[in-house]
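Structure data (mmCIF, C-alpha atoms) from data.cif:
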data_work
loop_
_atom_site.label_atom_id
_atom_site.label_comp_id
_atom_site.auth_asym_id
_atom_site.auth_seq_id
_atom_site.Cartn_x
_atom_site.Cartn_y
_atom_site.Cartn_z
CA MET A 1 -45.24 35.73 26.79
CA THR A 2 -44.46 34.35 23.34
CA ASP A 3 -45.99 35.86 20.21
CA PRO A 4 -48.73 33.82 18.51
CA ILE A 5 -47.39 31.42 15.87
CA PRO A 6 -48.93 33.30 12.88
CA LEU A 7 -47.08 36.45 14.03
CA GLN A 8 -43.84 34.48 14.47
CA LYS A 9 -44.27 33.08 10.96
CA ALA A 10 -44.93 36.52 9.50
CA ARG A 11 -41.75 37.85 11.12
CA ARG A 12 -39.66 34.93 9.84
CA ARG A 13 -41.24 35.28 6.38
CA SER A 14 -40.20 38.96 6.23
CA GLU A 15 -36.65 38.09 7.27
CA ALA A 16 -36.44 35.36 4.63
CA LEU A 17 -37.73 37.66 1.89
CA ARG A 18 -35.11 40.25 2.89
CA LEU A 19 -32.34 37.60 2.67
CA LEU A 20 -33.61 36.40 -0.71
CA GLY A 21 -33.49 39.96 -1.99
CA GLU A 22 -29.81 40.20 -1.02
CA LEU A 23 -28.75 37.11 -3.01
CA SER A 24 -27.06 37.98 -6.29
CA PRO A 25 -28.35 36.46 -9.55
CA GLY A 26 -25.07 34.51 -9.83
CA ARG A 27 -25.47 33.11 -6.33
CA ARG A 28 -29.08 32.08 -7.05
CA ALA A 29 -28.08 30.38 -10.33
CA ALA A 30 -25.20 28.49 -8.71
CA ALA A 31 -27.42 27.36 -5.82
CA SER A 32 -30.14 26.18 -8.21
CA ALA A 33 -27.62 24.15 -10.22
CA ARG A 34 -26.17 22.45 -7.11
CA ILE A 35 -29.63 21.70 -5.72
CA ALA A 36 -30.66 20.19 -9.06
CA ARG A 37 -27.60 17.93 -8.93
CA TRP A 38 -28.53 16.63 -5.46
CA VAL A 39 -32.12 15.97 -6.52
CA LEU A 40 -31.06 14.25 -9.76
CA GLU A 41 -28.72 11.95 -7.82
CA SER A 42 -31.32 11.03 -5.20
CA PRO A 43 -33.03 7.63 -4.97
CA ALA A 44 -36.38 9.45 -4.95
CA TRP A 45 -35.63 10.88 -8.41
CA ALA A 46 -34.49 7.50 -9.74
CA ARG A 47 -37.73 5.85 -8.56
CA ALA A 48 -40.06 8.61 -9.77
CA ARG A 49 -42.07 8.14 -12.94
CA THR A 50 -44.10 11.31 -12.33
CA VAL A 51 -42.58 14.49 -10.87
CA HIS A 52 -44.66 17.37 -9.55
CA THR A 53 -42.69 20.60 -9.39
CA TYR A 54 -43.29 24.29 -9.03
CA VAL A 55 -41.70 26.28 -11.85
CA GLY A 56 -39.51 28.71 -9.88
CA SER A 57 -40.98 31.93 -11.18
CA LEU A 58 -41.21 34.02 -7.99
CA PRO A 59 -38.34 36.30 -6.92
CA GLY A 60 -35.58 34.28 -5.27
CA GLU A 61 -37.17 30.85 -5.75
CA ILE A 62 -34.87 27.99 -6.63
CA ASP A 63 -35.00 27.59 -10.42
CA THR A 64 -36.46 24.21 -11.43
CA GLN A 65 -36.05 24.53 -15.22
CA ALA A 66 -33.10 22.08 -15.27
CA LEU A 67 -35.10 19.55 -13.28
CA ILE A 68 -38.09 19.91 -15.61
CA GLY A 69 -35.81 19.41 -18.63
CA ALA A 70 -34.12 16.38 -17.06
CA ALA A 71 -37.47 14.80 -16.19
CA ARG A 72 -38.74 15.20 -19.74
CA ALA A 73 -35.44 13.89 -21.20
CA GLN A 74 -35.74 10.80 -18.98
CA GLY A 75 -39.34 10.15 -20.02
CA LYS A 76 -40.89 11.18 -16.71
CA ARG A 77 -44.28 12.89 -16.60
CA VAL A 78 -44.07 16.47 -15.28
CA LEU A 79 -46.94 18.06 -13.38
CA VAL A 80 -46.99 21.70 -12.31
CA PRO A 81 -49.35 23.69 -10.09
CA VAL A 82 -51.89 26.06 -11.59
CA VAL A 83 -53.35 28.92 -9.55
CA ALA A 84 -56.61 30.56 -10.61
CA GLY A 85 -56.52 33.27 -7.93
CA ARG A 86 -55.84 34.06 -4.30
CA ARG A 87 -57.17 31.64 -1.69
CA GLU A 88 -58.22 29.03 -4.23
CA SER A 89 -56.79 25.52 -4.12
CA LEU A 90 -54.02 24.54 -6.49
CA ARG A 91 -54.98 22.71 -9.62
CA HIS A 92 -52.45 20.62 -11.49
CA ALA A 93 -51.52 20.25 -15.13
CA GLU A 94 -49.14 18.10 -17.12
CA ILE A 95 -46.58 19.87 -19.28
CA GLY A 96 -44.45 18.67 -22.16
CA SER A 97 -41.93 21.53 -22.10
CA PRO A 98 -41.27 24.84 -20.33
CA GLY A 99 -42.27 26.54 -23.61
CA GLU A 100 -45.92 25.91 -22.69
CA LEU A 101 -45.66 28.28 -19.72
CA SER A 102 -46.75 31.90 -19.45
CA ARG A 103 -47.36 34.34 -16.57
CA GLY A 104 -50.60 33.69 -14.75
CA PRO A 105 -52.22 35.04 -11.58
CA LEU A 106 -49.83 36.08 -8.80
CA GLY A 107 -47.02 36.29 -11.39
CA LEU A 108 -46.58 32.51 -11.54
CA LEU A 109 -45.40 30.69 -14.65
CA GLN A 110 -48.01 28.09 -15.52
CA PRO A 111 -49.48 26.45 -18.64
CA SER A 112 -51.38 28.90 -20.83
CA SER A 113 -53.72 26.09 -21.97
CA PRO A 114 -53.58 23.67 -19.03
CA ARG A 115 -54.34 19.96 -19.37
CA PHE A 116 -55.65 19.40 -15.85
CA VAL A 117 -54.88 16.09 -14.14
CA GLU A 118 -55.11 14.55 -10.69
CA PRO A 119 -51.98 15.46 -8.71
CA ALA A 120 -50.72 11.90 -8.20
CA ALA A 121 -46.91 12.00 -8.28
CA ASP A 122 -44.04 9.81 -7.10
CA LEU A 123 -41.95 12.89 -6.25
CA VAL A 124 -43.10 16.39 -5.28
CA LEU A 125 -40.60 19.27 -5.28
CA VAL A 126 -41.80 21.85 -2.77
CA PRO A 127 -40.98 25.57 -2.63
CA GLY A 128 -40.59 27.54 0.58
CA LEU A 129 -39.02 30.61 2.12
CA LEU A 130 -37.61 28.64 5.05
CA PHE A 131 -37.24 24.94 5.80
CA ASP A 132 -36.06 23.37 9.02
CA ARG A 133 -34.30 20.12 9.82
CA ARG A 134 -37.65 18.50 10.69
CA GLY A 135 -38.85 19.15 7.12
CA CYS A 136 -41.22 21.91 8.26
CA ARG A 137 -41.53 24.99 6.12
CA ILE A 138 -42.70 28.56 5.96
CA GLY A 139 -44.08 29.45 2.55
CA ARG A 140 -45.30 32.74 1.20
CA GLY A 141 -48.44 32.67 3.31
CA GLY A 142 -51.18 31.55 0.92
CA GLY A 143 -51.50 28.03 2.32
CA TYR A 144 -51.58 26.50 -1.18
CA TYR A 145 -48.91 23.88 -0.58
CA ASP A 146 -50.08 22.88 2.89
CA ARG A 147 -53.56 22.17 1.52
CA PHE A 148 -52.10 20.34 -1.50
CA LEU A 149 -49.66 18.21 0.52
CA ALA A 150 -52.27 17.38 3.17
CA GLY A 151 -54.50 15.83 0.50
CA LEU A 152 -51.73 14.04 -1.41
CA ALA A 153 -51.64 10.28 -1.08
CA GLY A 154 -48.14 8.83 -1.32
CA GLY A 155 -45.15 10.29 -3.10
CA GLU A 156 -41.91 11.57 -1.64
CA ARG A 157 -41.60 15.28 -0.91
CA ILE A 158 -38.38 17.24 -1.21
CA GLY A 159 -38.12 20.91 -0.28
CA LEU A 160 -35.70 23.12 -2.22
CA ILE A 161 -33.96 25.99 -0.40
CA TYR A 162 -30.71 27.96 -0.03
CA ASP A 163 -28.36 26.98 2.80
CA GLU A 164 -28.92 30.40 4.41
CA LEU A 165 -32.64 29.64 4.72
CA PHE A 166 -32.29 26.07 6.01
CA VAL A 167 -32.64 26.53 9.76
CA ASP A 168 -32.86 24.48 12.94
CA ARG A 169 -36.53 25.19 13.62
CA VAL A 170 -39.46 27.17 12.22
CA PRO A 171 -42.70 27.85 14.09
CA THR A 172 -45.43 25.40 13.07
CA GLU A 173 -49.16 24.95 13.38
CA ASP A 174 -51.31 21.81 13.26
CA HIS A 175 -52.14 22.25 9.54
CA ASP A 176 -48.47 22.49 8.45
CA VAL A 177 -47.21 19.51 6.44
CA ALA A 178 -43.53 18.48 6.54
CA VAL A 179 -41.44 17.25 3.62
CA ASP A 180 -39.34 14.05 3.67
CA ALA A 181 -36.05 15.77 2.83
CA VAL A 182 -34.65 19.21 2.04
CA ALA A 183 -32.21 19.82 -0.82
CA THR A 184 -29.78 22.72 -0.38
CA PRO A 185 -26.59 23.56 -2.27
CA SER A 186 -24.63 21.68 0.40
CA GLY A 187 -26.59 18.42 0.17
CA LEU A 188 -29.78 16.42 0.51
CA HIS A 189 -30.89 16.45 4.15
CA PRO A 190 -33.36 13.76 5.28
CA ARG A 191 -36.01 14.94 7.73
CA ARG A 192 -35.01 14.59 11.38
CA GLU A 193 -37.66 13.72 13.91
CA ALA A 194 -38.28 16.35 16.56
CA PRO A 195 -36.41 15.70 19.84
#

Structure encoded using structure tokens:
Amino acid sequence: MTDPIPLQKARRRSEALRLLGELSPGRRAAASARIARWVLESPAWARARTVHTYVGSLPGEIDTQALIGAARAQGKRVLVPVVAGRRESLRHAEIGSPGELSRGPLGLLQPSSPRFVEPAADLVLVPGLLFDRRGCRIGRGGGYYDRFLAGLAGGERIGLIYDELFVDRVPTEDHDVAVDAVATPSGLHPRREAP
């Protein structure tokens, strides 16, 4: 008998966190730079006038500071998530520069004086611990991004992850929301439909 999907996800989440902990700071920085290059060269980036991105402040997350800086330099609006506490929905704020950010609940970098806005964006950069070739993901377990993405009308979604954590398949549930593509250091991988 197969384990229930939440238990499978928890096991995969633990494995991913262990792998993240083994990546050196140099390896993480190099991966973030290569991923940023793929995103910046993508048609989705070229089309986007508003970019929604996480900030990359949790251990092992792909650093998005270069993408935030590039968006601002190109005159794009930048929206970031704001978390008030556990189990609450994400709120969203526009930022002008990374200098507006400070540590908030759950250790996340977010605006210290947020200017809340509706989360309408042409491009959403999505964090995760694991992504698969179908665009499905396993996050950190709070459900914030699944709820956010489920309610988002329009916009392209790109997941950002290390090659080691880009896998053939992750366990999924009905409420999980897939991204359109996954950016890794080795390239931008469009979502493949399930066989």

If we draw a sphere of 8 Å around (-39.4, 20.0, 12.6), which residues have at least one atom in it when counting all atoms listed in the file? Please report them as a PyMOL selection string. chain A and resi 132-136+168-170+178+191-194

Can you spit out the residues from that selection as an mmCIF file, in the frame of the given file, using C-alpha atoms?
data_model
loop_
_atom_site.group_PDB
_atom_site.id
_atom_site.type_symbol
_atom_site.label_atom_id
_atom_site.label_comp_id
_atom_site.auth_asym_id
_atom_site.auth_seq_id
_atom_site.Cartn_x
_atom_site.Cartn_y
_atom_site.Cartn_z
ATOM 1 C CA ASP A 132 -36.060 23.370 9.020
ATOM 2 C CA ARG A 133 -34.300 20.120 9.820
ATOM 3 C CA ARG A 134 -37.650 18.500 10.690
ATOM 4 C CA GLY A 135 -38.850 19.150 7.120
ATOM 5 C CA CYS A 136 -41.220 21.910 8.260
ATOM 6 C CA ASP A 168 -32.860 24.480 12.940
ATOM 7 C CA ARG A 169 -36.530 25.190 13.620
ATOM 8 C CA VAL A 170 -39.460 27.170 12.220
ATOM 9 C CA ALA A 178 -43.530 18.480 6.540
ATOM 10 C CA ARG A 191 -36.010 14.940 7.730
ATOM 11 C CA ARG A 192 -35.010 14.590 11.380
ATOM 12 C CA GLU A 193 -37.660 13.720 13.910
ATOM 13 C CA ALA A 194 -38.280 16.350 16.560
#

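Using all atoms listed in the file, the smallest distance between any of A:Gly85, A:Pro25, A:Ser97, A:Ala33 and Ala73 of chain A comes from A:Ser97.
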
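Nearest to Gly107 of chain A of all the residues A:Gly142, A:Gly56, A:Pro127, A:Gly69 is A:Gly56, counting only C-alpha atoms.
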
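Closest approach to Ile161 of chain A among A:Ile35, A:Leu123, A:Ile5, A:Leu149: A:Ile35, based on all atoms listed in the file.
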
Residue IDs satisfying the PyMOL selection byres ((chain A and resi 39) around 10), as a PyMOL selection string: chain A and resi 34-38+40-46+67+125+158-160+182-184+187-188

Quick one, how far is atom CA of Ala120 of chain A from atom CA of Gly154 of chain A? 8.0 Å

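In this structure, atom CA of Pro119 of chain A sits 22.9 Å away from atom CA of Asp174 of chain A.
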
Could you pull segment 52-81 of chain A out of the block above and give me N, CA and C atoms, as a PDB file, in the first residue's frame?
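The new file part29.pdb reads:
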ATOM      1  N   HIS A  52       5.948  39.723 -10.166  1.00  0.00           N
ATOM      2  CA  HIS A  52       5.745  39.351  -8.770  1.00  0.00           C
ATOM      3  C   HIS A  52       6.819  38.328  -8.425  1.00  0.00           C
ATOM      4  N   THR A  53       7.601  38.604  -7.398  1.00  0.00           N
ATOM      5  CA  THR A  53       8.668  37.684  -7.027  1.00  0.00           C
ATOM      6  C   THR A  53       8.798  37.585  -5.516  1.00  0.00           C
ATOM      7  N   TYR A  54       9.119  36.391  -5.063  1.00  0.00           N
ATOM      8  CA  TYR A  54       9.541  36.247  -3.670  1.00  0.00           C
ATOM      9  C   TYR A  54      10.927  36.874  -3.579  1.00  0.00           C
ATOM     10  N   VAL A  55      11.421  37.081  -2.367  1.00  0.00           N
ATOM     11  CA  VAL A  55      12.684  37.802  -2.210  1.00  0.00           C
ATOM     12  C   VAL A  55      13.888  36.864  -2.078  1.00  0.00           C
ATOM     13  N   GLY A  56      13.689  35.630  -1.733  1.00  0.00           N
ATOM     14  CA  GLY A  56      14.826  34.707  -1.611  1.00  0.00           C
ATOM     15  C   GLY A  56      15.530  34.843  -0.290  1.00  0.00           C
ATOM     16  N   SER A  57      14.755  34.869   0.790  1.00  0.00           N
ATOM     17  CA  SER A  57      15.355  35.128   2.096  1.00  0.00           C
ATOM     18  C   SER A  57      15.395  33.903   3.003  1.00  0.00           C
ATOM     19  N   LEU A  58      14.849  32.775   2.554  1.00  0.00           N
ATOM     20  CA  LEU A  58      14.896  31.560   3.363  1.00  0.00           C
ATOM     21  C   LEU A  58      16.135  30.750   3.001  1.00  0.00           C
ATOM     22  N   PRO A  59      16.637  29.939   3.941  1.00  0.00           N
ATOM     23  CA  PRO A  59      17.863  29.180   3.678  1.00  0.00           C
ATOM     24  C   PRO A  59      17.758  28.342   2.402  1.00  0.00           C
ATOM     25  N   GLY A  60      18.716  28.542   1.508  1.00  0.00           N
ATOM     26  CA  GLY A  60      18.797  27.751   0.289  1.00  0.00           C
ATOM     27  C   GLY A  60      17.942  28.238  -0.860  1.00  0.00           C
ATOM     28  N   GLU A  61      17.042  29.210  -0.640  1.00  0.00           N
ATOM     29  CA  GLU A  61      16.221  29.693  -1.746  1.00  0.00           C
ATOM     30  C   GLU A  61      17.081  30.370  -2.804  1.00  0.00           C
ATOM     31  N   ILE A  62      16.634  30.261  -4.051  1.00  0.00           N
ATOM     32  CA  ILE A  62      17.304  30.965  -5.136  1.00  0.00           C
ATOM     33  C   ILE A  62      17.194  32.459  -4.846  1.00  0.00           C
ATOM     34  N   ASP A  63      18.313  33.158  -4.936  1.00  0.00           N
ATOM     35  CA  ASP A  63      18.359  34.596  -4.664  1.00  0.00           C
ATOM     36  C   ASP A  63      17.757  35.360  -5.847  1.00  0.00           C
ATOM     37  N   THR A  64      16.800  36.224  -5.567  1.00  0.00           N
ATOM     38  CA  THR A  64      16.114  36.981  -6.622  1.00  0.00           C
ATOM     39  C   THR A  64      16.520  38.459  -6.649  1.00  0.00           C
ATOM     40  N   GLN A  65      17.522  38.841  -5.876  1.00  0.00           N
ATOM     41  CA  GLN A  65      17.909  40.250  -5.812  1.00  0.00           C
ATOM     42  C   GLN A  65      18.295  40.803  -7.193  1.00  0.00           C
ATOM     43  N   ALA A  66      19.030  40.011  -7.998  1.00  0.00           N
ATOM     44  CA  ALA A  66      19.425  40.481  -9.330  1.00  0.00           C
ATOM     45  C   ALA A  66      18.206  40.685 -10.223  1.00  0.00           C
ATOM     46  N   LEU A  67      17.227  39.823 -10.093  1.00  0.00           N
ATOM     47  CA  LEU A  67      16.001  39.953 -10.886  1.00  0.00           C
ATOM     48  C   LEU A  67      15.194  41.172 -10.448  1.00  0.00           C
ATOM     49  N   ILE A  68      15.147  41.425  -9.151  1.00  0.00           N
ATOM     50  CA  ILE A  68      14.448  42.614  -8.651  1.00  0.00           C
ATOM     51  C   ILE A  68      15.141  43.873  -9.185  1.00  0.00           C
ATOM     52  N   GLY A  69      16.475  43.895  -9.105  1.00  0.00           N
ATOM     53  CA  GLY A  69      17.221  45.050  -9.607  1.00  0.00           C
ATOM     54  C   GLY A  69      17.033  45.258 -11.101  1.00  0.00           C
ATOM     55  N   ALA A  70      17.044  44.155 -11.869  1.00  0.00           N
ATOM     56  CA  ALA A  70      16.862  44.264 -13.319  1.00  0.00           C
ATOM     57  C   ALA A  70      15.465  44.764 -13.655  1.00  0.00           C
ATOM     58  N   ALA A  71      14.472  44.275 -12.935  1.00  0.00           N
ATOM     59  CA  ALA A  71      13.094  44.728 -13.187  1.00  0.00           C
ATOM     60  C   ALA A  71      12.971  46.227 -12.944  1.00  0.00           C
ATOM     61  N   ARG A  72      13.507  46.688 -11.845  1.00  0.00           N
ATOM     62  CA  ARG A  72      13.428  48.123 -11.523  1.00  0.00           C
ATOM     63  C   ARG A  72      14.196  48.935 -12.572  1.00  0.00           C
ATOM     64  N   ALA A  73      15.379  48.468 -12.981  1.00  0.00           N
ATOM     65  CA  ALA A  73      16.187  49.190 -13.976  1.00  0.00           C
ATOM     66  C   ALA A  73      15.467  49.269 -15.320  1.00  0.00           C
ATOM     67  N   GLN A  74      14.631  48.275 -15.626  1.00  0.00           N
ATOM     68  CA  GLN A  74      13.899  48.254 -16.890  1.00  0.00           C
ATOM     69  C   GLN A  74      12.516  48.904 -16.778  1.00  0.00           C
ATOM     70  N   GLY A  75      12.230  49.508 -15.636  1.00  0.00           N
ATOM     71  CA  GLY A  75      10.963  50.211 -15.470  1.00  0.00           C
ATOM     72  C   GLY A  75       9.763  49.320 -15.210  1.00  0.00           C
ATOM     73  N   LYS A  76      10.012  48.087 -14.810  1.00  0.00           N
ATOM     74  CA  LYS A  76       8.911  47.177 -14.477  1.00  0.00           C
ATOM     75  C   LYS A  76       8.479  47.411 -13.029  1.00  0.00           C
ATOM     76  N   ARG A  77       7.194  47.228 -12.765  1.00  0.00           N
ATOM     77  CA  ARG A  77       6.715  47.230 -11.378  1.00  0.00           C
ATOM     78  C   ARG A  77       7.141  45.924 -10.728  1.00  0.00           C
ATOM     79  N   VAL A  78       7.489  45.975  -9.444  1.00  0.00           N
ATOM     80  CA  VAL A  78       7.886  44.776  -8.703  1.00  0.00           C
ATOM     81  C   VAL A  78       6.959  44.623  -7.504  1.00  0.00           C
ATOM     82  N   LEU A  79       6.301  43.468  -7.450  1.00  0.00           N
ATOM     83  CA  LEU A  79       5.446  43.122  -6.315  1.00  0.00           C
ATOM     84  C   LEU A  79       6.093  41.968  -5.564  1.00  0.00           C
ATOM     85  N   VAL A  80       5.980  42.005  -4.241  1.00  0.00           N
ATOM     86  CA  VAL A  80       6.515  40.930  -3.409  1.00  0.00           C
ATOM     87  C   VAL A  80       5.443  40.478  -2.426  1.00  0.00           C
ATOM     88  N   PRO A  81       5.532  39.211  -1.980  1.00  0.00           N
ATOM     89  CA  PRO A  81       4.558  38.736  -0.995  1.00  0.00           C
ATOM     90  C   PRO A  81       4.856  39.278   0.396  1.00  0.00           C
TER      91      PRO A  81
END
